[in-house]
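Here's the structure we're looking at; comments come further down.
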Amino acid sequence: YINYHEDARVFMKVPGMKDRFLIGNALEMICVHPDKIFEWRTSLSKRFNGIYRFYTYPFRYINIYNPEDIEIVLSSTKFIKKSRLYDIIKPWLADGLLLSSGAKWQQRRKILTSAFHFDILRQFHTVIEENSKRLTETLGTSGEIVNIAPIVTEYTLNTICETAMGTKLSDETSAAAMSYKNALHTLGNLFIQRFIKLYLLIEFIYNLSSLKIQQQRTIDVIKKFTTDIIDKRKKYLEQNVLTSNPTKQDEDDVYKGRKKFAFLDLLLTAENDGKIDKSGVQEEVDTFMFGGHDTTASGLSFLFLLLANHQDVQEKVYKEIQSIFGDSTRIATTSDLTQMKYLELCIKESLRLYPPIHFVARILNDQIKLSNYTIPADTECLIHIFDLHRREDLYKNALTFDPDRFLPENSVGRHPYAYIPFSAGPRNCIGQKYAMMEMKSATSAVIRRYKLEAITKPEEIRFSGDLVLRSIDPINIKIIKRDAKNM
Ligand code: HEM
């Protein structure tokens, strides 16, 4: 029945690995070492052509990495429900914007979209620039070899706390921030283990495992940090009166002079107005704290790796920055950032080769045709952004870092779903403009003051199969101070 009922027979027509009676492809997956899971998965994409199936009773997975099929799934308002694979992170992110669906998702998306309005981003800009300057001051001493990933993670975490959450991390909170970052990595590893050992996807088996206890302890650490941030801001606002039309501003407020509510204040006003409850605020803060810092940290780590390994490109970025600032040591304005066109091409190309969210997944709640195959309802659909972005038929010399690919004249005729680092359609990334601003600000601040030299080579990178694209090993870069006047 498992292998031969109607849905299974239809599904088996999609190309895929040889099936084993009852267990499908589970054995292949279970045998992979956690450090090799990413490599193993991408090797499957090379074996097939844009679509393949994976079957482990009771779960059916369709894997796609061609723009035509991806457009069908992502552009539809029918397939906005997230895959059951994400249930693994439900105890952490609960029903926040990333995981929720239906009316709840729609209502929250509407409320939270205004938290990333252009006016808000403009007001965040100075805070982001100040953090970028601090990043350059703490990067290291000239000639030092640094592992860039933890440094940029600290930067993006500070930035999201200070902008969206209105809380500056102090010396006393930095230990908690460190535990938070470590806990996120532990959670990522637990996610991989549960993903590989497919029997652990069955809730009651997982509940009996030691991983469950470890997961709960890790989530407790994460939530302690985010709860403290909410409480701190709540207390501040209670003392400084939160109204739905803020005109009077407090001098101590990190949002000095702001006219619109930023993320956490918006949620707390919604709570005051009875539009969201306490647990709703918590799940959104957990979601945005994670989505708002881990992704951009991954993006920046790989961008710095590429710039260090491509001196010609780095030099062009530096020249562009110099043409904007000359000898001035002033911080960048929003209009300066807009002028950094070549840097923008570099960021785009880096997000193509190293998309921080390397896959997204949906549940197909209706039968659908993909690449001329019928996919039965109730199939999990995995969209592999990493594999899509490295297709040779979409990007000539796909593994070469070439920012000019994104020049308007070189982008003519490219399928709109061939490049989706921020996903696309109704459930695209709500923070993409914020992310681009932050990445531009950090990179321009660093390149303005330092020359980066390659230690780690891109071909040495071993990726972890976590939710966010990470390197298993350090990404080492040598930093050399440029002219002292830019410091
Ligand atoms: C380079 C940085 C970033 C990348 C590559 C990225 C990528 C993505 C992708 C691919 C999705 C779709 C996920 C899915 O369908 O499962 C997504 C959704 C989301 N992102 Fe981002 N993101 C970035 C930065 C940010 C930032 C800075 C924030 C918040 C400040 C953010 C908040 C979110 C949220 C809340 C969602 C869920 C949206 C929804 O389902 O309505 N992201 N992001």
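In the structure tokens, the first chain shown is A, the next is B, and so on; residue numbers restart at 1 for each chain, and ligands run from 1 in the order shown.
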
Contacts to ligand 1 at 7 Å cut-off (only C-alpha atoms and all ligand atoms) as a PyMOL selection string: chain A and resi 82+97-99+105+109+160+287-288+291-293+295-296+299+351+355-357+360-361+421-423+427-432+434-436

Exercise: stretch 87-96 of chain A partners within 7 Å, only C-alpha atoms, chain neighbours under 3 positions left out, as an mmCIF file with C-alpha atoms, in the first residue's frame:
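Once everything was written out, this is result-v4.cif:
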data_model
loop_
_atom_site.group_PDB
_atom_site.id
_atom_site.type_symbol
_atom_site.label_atom_id
_atom_site.label_comp_id
_atom_site.auth_asym_id
_atom_site.auth_seq_id
_atom_site.Cartn_x
_atom_site.Cartn_y
_atom_site.Cartn_z
ATOM 1 C CA ARG A 84 6.220 20.196 8.255
ATOM 2 C CA LEU A 99 6.206 29.834 10.472
ATOM 3 C CA SER A 100 2.593 30.981 10.771
ATOM 4 C CA PHE A 191 18.139 20.609 13.575
ATOM 5 C CA ILE A 219 15.566 27.182 23.747
ATOM 6 C CA GLU A 283 7.260 34.768 19.027
ATOM 7 C CA GLU A 284 7.746 37.757 16.724
ATOM 8 C CA ASP A 286 12.279 35.498 18.542
ATOM 9 C CA THR A 287 11.598 35.331 14.799
#

Strand (DSSP E or B) per DSSP on the backbone: members of stretch 20-173 of chain A, as a ChimeraX atom specification: /A:20,24,51-56,59-64,82,145-147

Contact residues around A:Ser471 with only C-alpha atoms at 10 Å, ignoring same-chain residues under 5 positions, as a PDB file with N, CA and C atoms, in the first residue's frame:
ATOM      1  N   ALA A 149      33.529  35.292  10.709  1.00  0.00           N
ATOM      2  CA  ALA A 149      32.127  34.950  11.009  1.00  0.00           C
ATOM      3  C   ALA A 149      31.661  35.429  12.394  1.00  0.00           C
ATOM      4  N   SER A 298      25.737  35.676   7.884  1.00  0.00           N
ATOM      5  CA  SER A 298      26.185  34.696   6.896  1.00  0.00           C
ATOM      6  C   SER A 298      26.531  35.409   5.584  1.00  0.00           C
ATOM      7  N   SER A 301      29.828  37.336   5.961  1.00  0.00           N
ATOM      8  CA  SER A 301      31.004  36.457   6.080  1.00  0.00           C
ATOM      9  C   SER A 301      31.475  36.012   4.691  1.00  0.00           C
ATOM     10  N   PHE A 302      30.519  35.571   3.864  1.00  0.00           N
ATOM     11  CA  PHE A 302      30.909  35.076   2.539  1.00  0.00           C
ATOM     12  C   PHE A 302      31.300  36.215   1.596  1.00  0.00           C
ATOM     13  N   GLU A 460      37.894  25.749  -0.215  1.00  0.00           N
ATOM     14  CA  GLU A 460      38.142  24.966   1.012  1.00  0.00           C
ATOM     15  C   GLU A 460      36.906  24.897   1.910  1.00  0.00           C
ATOM     16  N   ILE A 461      35.902  25.720   1.605  1.00  0.00           N
ATOM     17  CA  ILE A 461      34.739  25.810   2.501  1.00  0.00           C
ATOM     18  C   ILE A 461      33.955  24.496   2.530  1.00  0.00           C
ATOM     19  N   ARG A 462      33.657  24.055   3.763  1.00  0.00           N
ATOM     20  CA  ARG A 462      32.737  22.919   3.947  1.00  0.00           C
ATOM     21  C   ARG A 462      31.493  23.506   4.614  1.00  0.00           C
ATOM     22  N   PHE A 463      30.337  23.345   3.949  1.00  0.00           N
ATOM     23  CA  PHE A 463      29.119  23.960   4.472  1.00  0.00           C
ATOM     24  C   PHE A 463      28.438  23.046   5.480  1.00  0.00           C
ATOM     25  N   SER A 464      27.824  23.671   6.508  1.00  0.00           N
ATOM     26  CA  SER A 464      26.995  22.861   7.414  1.00  0.00           C
ATOM     27  C   SER A 464      25.569  22.872   6.841  1.00  0.00           C
ATOM     28  N   GLY A 465      24.810  21.873   7.125  1.00  0.00           N
ATOM     29  CA  GLY A 465      23.458  21.759   6.546  1.00  0.00           C
ATOM     30  C   GLY A 465      22.397  22.400   7.423  1.00  0.00           C
ATOM     31  N   ASP A 466      22.817  23.402   8.171  1.00  0.00           N
ATOM     32  CA  ASP A 466      21.963  24.141   9.100  1.00  0.00           C
ATOM     33  C   ASP A 466      20.873  24.904   8.332  1.00  0.00           C
TER      34      ASP A 466
END

Under the rule that only C-alpha atoms are counted, which of A:Ser210, A:Thr226, A:Gln193, A:Ser441 is the nearest residue to A:Cys31?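 Of A:Ser210, A:Thr226, A:Gln193, A:Ser441, the one nearest A:Cys31 is A:Gln193, counting only C-alpha atoms.
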
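Checking A:Leu337, A:Ala398, A:Ala454, A:Ile23 one by one against A:Pro58, counting only C-alpha atoms, you find the shortest gap at A:Ile23.
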
Residues near A:Ala177, anyone? I mean within 9 Å using only C-alpha atoms, not counting same-chain ones fewer than 3 positions away, as JSON, numbers by chain. {"A": [154, 157, 158, 169, 173, 174, 180, 181, 182, 225]}

Quick check, in Å to one decimal: how far apart do atom CA of A:Leu184 and atom CA of A:Lys212 lie? 15.2 Å

Quick check, in Å to one decimal: how far apart do atom CA of A:Cys381 and atom CA of A:Ile363 lie?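 Going from atom CA of A:Cys381 over to atom CA of A:Ile363 covers 5.9 Å.
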
Using only C-alpha atoms, which residue out of A:Lys478, A:Arg233, A:Arg194, A:Arg330 lies closest to A:Glu162?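 Among A:Lys478, A:Arg233, A:Arg194, A:Arg330, it is A:Arg233 that comes nearest to A:Glu162.
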
List the spatial neighbours of stretch 314-322 of chain A as a PyMOL selection string - criterion: any atom at most 6 Å away, only C-alpha atoms, same-chain residues fewer than 4 positions off excluded. chain A and resi 307+326+343

Would you pick out the contacts of A:Phe325 at 12 Å or less, using only C-alpha atoms, so that residues sharing its chain but fewer than 6 positions from it are not included, and give the list as a PyMOL selection string? chain A and resi 318-319+331-333+335-337+339-340+444-445+448-449+485-486

Backbone DSSP call of alpha helix (DSSP H) for stretch 106-325 of chain A, listed as a ChimeraX atom specification: /A:106-113,118-138,148-163,171-196,203-207,210-239,263-272,278-291,294-309,311-325

For A:Glu71, find every residue with an atom within 12 Å (counting only C-alpha atoms), except residues of its own chain fewer than 2 positions away, and show them as a PyMOL selection string. chain A and resi 64-69+73-77+79+370-371+383+415-420+423-426

Taking C-alpha atoms for each residue, export the selection above as a compact mmCIF listing (two decimals), in the first residue's frame.
# COMPACT_ATOMS: atom_id res chain seq x y z
CA ILE A 64 13.06 21.62 -7.15
CA TYR A 65 15.79 23.95 -8.39
CA ASN A 66 14.58 25.22 -11.75
CA PRO A 67 13.01 28.70 -12.10
CA GLU A 68 9.85 27.58 -13.89
CA ASP A 69 8.71 25.18 -11.16
CA VAL A 73 5.07 27.31 -6.15
CA LEU A 74 6.34 30.62 -4.78
CA SER A 75 4.12 32.99 -6.75
CA SER A 76 0.94 31.18 -5.73
CA THR A 77 -1.14 32.32 -2.77
CA PHE A 79 1.07 27.30 -1.39
CA LEU A 370 5.83 20.49 -11.89
CA SER A 371 8.13 19.85 -14.89
CA ILE A 383 13.15 24.71 -3.07
CA HIS A 415 14.12 34.38 -15.56
CA PRO A 416 12.64 36.40 -12.64
CA TYR A 417 12.81 33.29 -10.43
CA ALA A 418 16.43 32.45 -11.34
CA TYR A 419 17.68 34.68 -8.53
CA ILE A 420 15.81 34.45 -5.22
CA SER A 423 12.67 34.13 -1.75
CA ALA A 424 9.85 35.64 -3.84
CA GLY A 425 6.08 35.95 -3.99
CA PRO A 426 3.77 36.65 -1.06

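Shortest separation to A:Ile151 among A:Asn309, A:Ser323, A:Asn476, A:Thr400 occurs at residue A:Asn476, atoms counted being only C-alpha atoms.
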
Just to confirm, what's the straight-line distance from atom CA of A:Asp404 to atom CA of A:Glu349 in Å (one decimal)? 8.4 Å
